[in-house]
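Everything below concerns the one structure shown next.
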Amino acid sequence: MEVAPISSINSSPNYGICFAGQDHMTRKPFERRRMRTIEVVVTRQRSLIIWVGLTIVTLFTQYRSGAYHADFARDPDEPAHAVSALMVHDYLVQAFPANPIRFAHTFSDHYPKVAIGHWPPLFYCLEGSWMLLFGRTRAALLLFVALCGITLAGSVYFMVRRLTSTPIAWLSVAVLMCSPLFLSLVCSVRPDLLLALLVFWAAISITNYMVSRQRNWLISCLVLGAMAMLVHGRGAVLLLLPFSVLLVERRRMTWKWMVAAAVLAFVIAWPHLIVPESHLTLSSFLRLLRVGVLRTALNLEWLPAIAAVAAILQVTRSEARQPFWTAMACLAISNFCFDLMVPLSWSDDNLLIAALPAWAALAGYGVQHLCAQLVVSGRAKPSSVRVALMAVALSGLVLTSIFVPRKHDPGFHQLVASTLLTNADPVLIAANGLNEGALIAESSLADPARMHTILRGSKVLSESTWGGNRYHPRFASSPAMQQFLQSAHVCLAIVQIADPVTTDQQQLRSALNLNATWALVSSGPQIQGLEIYRRTHDAGGHCG
């Protein structure tokens, strides 16, 4: 048995191992059929083992992060995603009880954190349908996200494995699953991993269609692109992909420069068109470019990011390239351009997620070329390189899943589970978006019959745009605030005392402290940075 060099792995289906003296075509037909059957069985067994391994790593990562017990509090958007999925599930369980818009308004009256309308509905529909099978629980919500993450990692593995080797494929998966962004998203209820999966396959379909002009690839890219747009607006990155493919695939440098200039002009002009007050200058644009580069490197770690950039340069210079690598390079370029075109989210790491699997695959491709050069120069043996790559990839996956950062957990699920909220209806919370959303999501999860109501202080005590701009309080004095509390029959009030504190939160705290009918709750679950007040004298008997 002799070992083939790493550079020959691209076309070798047997993991770089060749058997001398065996010619497949000289065997008898029966022997060839038997060998093909054995190969199919072995391939399926290996595939099953890989899927099981990815599943174990993903679920263990979620468990070690504490996601199955923590609040929906990764960011202010996670509670909205959880509440919207719960709303869709309740609508399906009740067998379409009313017009969906009317049902959403009724649901939002109790738990005002519905995201449908701000975000497209496909993720919530899939999450709601998933919970029909696995229950209306926190674990079911997270397991659907885990399924998206597992499928994404498996897709990267099998596509890279088909064109390179097993060690390179595992290295690409390790770059993907060990990135801080993936670890954070797989432990949260968010549509980003589903978006990344759909964009990944849509990019492959678009590139294959532009190269081969086959109709089945066109249908695939249209369907997958539409689904990506229905998951999140960041699916619009696919609109830039054909221009990137033209930029890479054109053989003549004149065409390359023309396409590159057109794309660059559009990227620079777009923020001025949608946000005229942005006042972008060349220096600020270059600063944003530097921030985007740093964000990409930090979410991939520096060495994989450098390997991925080297792979992109290799793909653009190569005369004979695989459509898959073209798709990955073009997706990375398109996503970077799209990042610069979204002036409202320049500091959002989630923008990178659409191209994260492409960066991970390209990192493996770059490492493959480096290893091939080491083997050709005689500095390393192929067997030693394979062992080293497998050791690095598997140890990275294991260590990352063990030492994954803990998910932020304010403790609202303990507050909801206590008797403190049992007879308190409605409950008013005046806090930042993260705390308000976390309480609403936990209350909605524990109350499928919608017997309780949560009032958001940012909506009932103040006015602002959806993005939080043009903020001003609704009430001018503490007596007006007290009159509102009385008319709304608020039984329990939760107010933020830690910085930053807004004017309406200060007014609410002052009104509660000056009114003898309210008392500060000192027993039971407490949330850091918040104070809980209970109405002690209720003349109307609204508070049980």
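Just so we're on the same page: first chain in the structure tokens is A, next is B, and so on; residues restart at 1 for each chain, and ligands are numbered from 1 in the order they show up.
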Residues within 12 Å of Leu92 (chain A), please, as a count of residues only. Count only C-alpha atoms; anything in the same chain fewer than 2 positions from it doesn't count.
24
Apply DSSP to the structure's backbone, then extract all residues of region 100-129 of chain A labelled alpha helix (DSSP H) and return them as a list of chain:residue names.
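Reading the DSSP output for region 100-129 of chain A, alpha helix (DSSP H) covers A:Pro100, A:Ile101, A:Arg102, A:Phe103, A:Ala104, A:His105, A:Thr106, A:Phe107, A:Ser108, A:Asp109, A:His110, A:Leu122, A:Phe123, A:Tyr124, A:Cys125, A:Leu126, A:Glu127, A:Gly128, A:Ser129.
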Would you put the residues from that selection into a file with N, CA and C atoms, as a tab-separated table (two decimals), in the first residue's frame?
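Written file, selection_4.tsv:
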chain	number	residue	atom	x	y	z
A	100	PRO	N	-54.99	35.57	10.85
A	100	PRO	CA	-53.67	35.55	11.48
A	100	PRO	C	-53.21	36.92	11.98
A	101	ILE	N	-53.57	38.00	11.29
A	101	ILE	CA	-53.17	39.33	11.74
A	101	ILE	C	-53.90	39.69	13.03
A	102	ARG	N	-55.19	39.36	13.10
A	102	ARG	CA	-55.95	39.63	14.32
A	102	ARG	C	-55.42	38.80	15.48
A	103	PHE	N	-55.07	37.54	15.20
A	103	PHE	CA	-54.52	36.69	16.25
A	103	PHE	C	-53.19	37.25	16.74
A	104	ALA	N	-52.37	37.75	15.82
A	104	ALA	CA	-51.08	38.32	16.21
A	104	ALA	C	-51.28	39.55	17.09
A	105	HIS	N	-52.28	40.39	16.76
A	105	HIS	CA	-52.55	41.57	17.59
A	105	HIS	C	-53.02	41.15	18.98
A	106	THR	N	-53.88	40.14	19.06
A	106	THR	CA	-54.35	39.66	20.36
A	106	THR	C	-53.20	39.08	21.18
A	107	PHE	N	-52.37	38.30	20.52
A	107	PHE	CA	-51.21	37.72	21.21
A	107	PHE	C	-50.27	38.82	21.70
A	108	SER	N	-50.07	39.84	20.87
A	108	SER	CA	-49.16	40.92	21.23
A	108	SER	C	-49.70	41.78	22.36
A	109	ASP	N	-51.03	41.81	22.54
A	109	ASP	CA	-51.59	42.54	23.67
A	109	ASP	C	-51.14	41.92	25.00
A	110	HIS	N	-50.95	40.62	25.02
A	110	HIS	CA	-50.49	39.93	26.24
A	110	HIS	C	-48.97	39.92	26.33
A	122	LEU	N	-40.62	32.90	7.77
A	122	LEU	CA	-40.36	31.49	7.52
A	122	LEU	C	-39.74	30.79	8.72
A	123	PHE	N	-38.77	31.42	9.38
A	123	PHE	CA	-38.14	30.78	10.53
A	123	PHE	C	-39.16	30.48	11.62
A	124	TYR	N	-40.06	31.41	11.88
A	124	TYR	CA	-41.05	31.22	12.95
A	124	TYR	C	-42.06	30.14	12.58
A	125	CYS	N	-42.40	30.06	11.30
A	125	CYS	CA	-43.31	29.00	10.86
A	125	CYS	C	-42.67	27.62	11.03
A	126	LEU	N	-41.40	27.52	10.70
A	126	LEU	CA	-40.71	26.24	10.86
A	126	LEU	C	-40.53	25.89	12.34
A	127	GLU	N	-40.18	26.88	13.16
A	127	GLU	CA	-40.05	26.64	14.60
A	127	GLU	C	-41.39	26.23	15.21
A	128	GLY	N	-42.47	26.92	14.84
A	128	GLY	CA	-43.78	26.58	15.36
A	128	GLY	C	-44.22	25.19	14.95
A	129	SER	N	-43.96	24.82	13.71
A	129	SER	CA	-44.30	23.47	13.26
A	129	SER	C	-43.45	22.42	13.96
Here is a test: counting only C-alpha atoms, which residue of A:Leu428, A:Leu230, A:Ala196, A:Pro180 is nearest to Pro121 (chain A)?
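The shortest atom-to-atom distance to Pro121 (chain A) comes from A:Leu230.
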For the contact check between region 391-430 of chain A and region 475-496 of chain A, emit one row per residue of region 391-430 of chain A within 9 Å, containing the shortest atom pair and the distance in Å rounded to one decimal, counting only C-alpha atoms, chain then rising number order, as JSON lines.
{"residue": "A:Leu420", "atom": "CA", "partner": "A:Leu492", "partner_atom": "CA", "distance": 8.8}
{"residue": "A:Leu421", "atom": "CA", "partner": "A:Leu492", "partner_atom": "CA", "distance": 7.7}
{"residue": "A:Asn423", "atom": "CA", "partner": "A:Cys491", "partner_atom": "CA", "distance": 8.3}
{"residue": "A:Ala424", "atom": "CA", "partner": "A:Cys491", "partner_atom": "CA", "distance": 5.2}
{"residue": "A:Asp425", "atom": "CA", "partner": "A:Cys491", "partner_atom": "CA", "distance": 5.8}
{"residue": "A:Pro426", "atom": "CA", "partner": "A:Val490", "partner_atom": "CA", "distance": 5.3}
{"residue": "A:Val427", "atom": "CA", "partner": "A:Leu492", "partner_atom": "CA", "distance": 4.9}
{"residue": "A:Leu428", "atom": "CA", "partner": "A:Ala493", "partner_atom": "CA", "distance": 4.7}
{"residue": "A:Ile429", "atom": "CA", "partner": "A:Ile494", "partner_atom": "CA", "distance": 4.5}
{"residue": "A:Ala430", "atom": "CA", "partner": "A:Val495", "partner_atom": "CA", "distance": 4.8}
With only C-alpha atoms as the counted atoms, please give the residues lying no more than 8 Å from region 300-315 of chain A, apart from itself and same-chain residues fewer than 2 positions off, as a VMD selection string.
chain A and resid 175 to 176 179 to 180 296 to 298 317 to 318 321 325 to 326 329 359 to 367
Can I get the selected residues back with C-alpha atoms, as a PDB file, in the first residue's frame?
ATOM      1  CA  VAL A 175     -13.184  26.511  11.884  1.00  0.00           C
ATOM      2  CA  LEU A 176     -16.952  26.863  11.503  1.00  0.00           C
ATOM      3  CA  SER A 179     -15.931  30.388  15.736  1.00  0.00           C
ATOM      4  CA  PRO A 180     -17.341  32.644  18.498  1.00  0.00           C
ATOM      5  CA  THR A 296     -14.094  38.850  10.227  1.00  0.00           C
ATOM      6  CA  ALA A 297     -10.707  37.928  11.658  1.00  0.00           C
ATOM      7  CA  LEU A 298     -11.944  37.901  15.250  1.00  0.00           C
ATOM      8  CA  ARG A 317      -5.859  33.533 -10.023  1.00  0.00           C
ATOM      9  CA  SER A 318      -6.561  29.936 -11.009  1.00  0.00           C
ATOM     10  CA  ARG A 321     -11.293  26.150 -10.783  1.00  0.00           C
ATOM     11  CA  TRP A 325     -14.642  27.137  -4.604  1.00  0.00           C
ATOM     12  CA  THR A 326     -15.768  29.909  -6.929  1.00  0.00           C
ATOM     13  CA  ALA A 329     -14.967  32.918  -2.726  1.00  0.00           C
ATOM     14  CA  TRP A 359     -14.987  31.411   5.114  1.00  0.00           C
ATOM     15  CA  ALA A 360     -14.644  28.086   6.952  1.00  0.00           C
ATOM     16  CA  ALA A 361     -14.487  26.083   3.715  1.00  0.00           C
ATOM     17  CA  LEU A 362     -11.983  28.517   2.220  1.00  0.00           C
ATOM     18  CA  ALA A 363      -9.818  28.240   5.325  1.00  0.00           C
ATOM     19  CA  GLY A 364      -9.587  24.491   4.713  1.00  0.00           C
ATOM     20  CA  TYR A 365      -8.807  25.097   1.044  1.00  0.00           C
ATOM     21  CA  GLY A 366      -5.995  27.467   1.960  1.00  0.00           C
ATOM     22  CA  VAL A 367      -4.523  24.983   4.429  1.00  0.00           C
TER      23      VAL A 367
END
Could you please write out, as a count of residues only, every residue of region 309-542 of chain A that DSSP assigns to strand (DSSP E)?
25
I'd like to know which of A:Gln45, A:Ala417, A:Arg64, A:Ala380 is closest to Thr400 (chain A), using only C-alpha atoms.
A:Arg64
Of the candidates A:Pro357, A:Pro167, A:Pro382, A:Gly411, which shows the shortest atom-to-atom distance to Phe182 (chain A), using only C-alpha atoms?
A:Pro357
Need to verify the contact set: Thr536 (chain A), 10 Å, only C-alpha atoms, exclusion of same-chain residues closer than 4 positions in sequence. Can you return it as a PyMOL selection string?
chain A and resi 491-492+516-520+543
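For the pair CA of Phe72 (chain A) and CA of Ala441 (chain A), the separation is 6.9 Å.
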State, in Å with one decimal place, the distance from CA of Ser205 (chain A) to CA of Leu240 (chain A).
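These two atoms are separated by 14.2 Å.
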Nearest-residue call for Leu181 (chain A), choices A:Ala332, A:Leu193, A:Ala391, A:Met451, using only C-alpha atoms:
A:Leu193
Distance CA of Ala203 (chain A)-CA of His232 (chain A), one decimal place?
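Taking CA of Ala203 (chain A) and CA of His232 (chain A), their separation equals 15.8 Å.
Using only C-alpha atoms, the residues found no farther than 10 Å from Gly66 (chain A), other than those of its own chain fewer than 3 positions away, are A:Phe60, A:Thr61, A:Gln62, A:Tyr63, A:His69, A:Ala70, A:Asp71, A:Cys187, A:Val404, A:Pro405, A:Arg406, A:Lys407, A:His408, A:Asp409.
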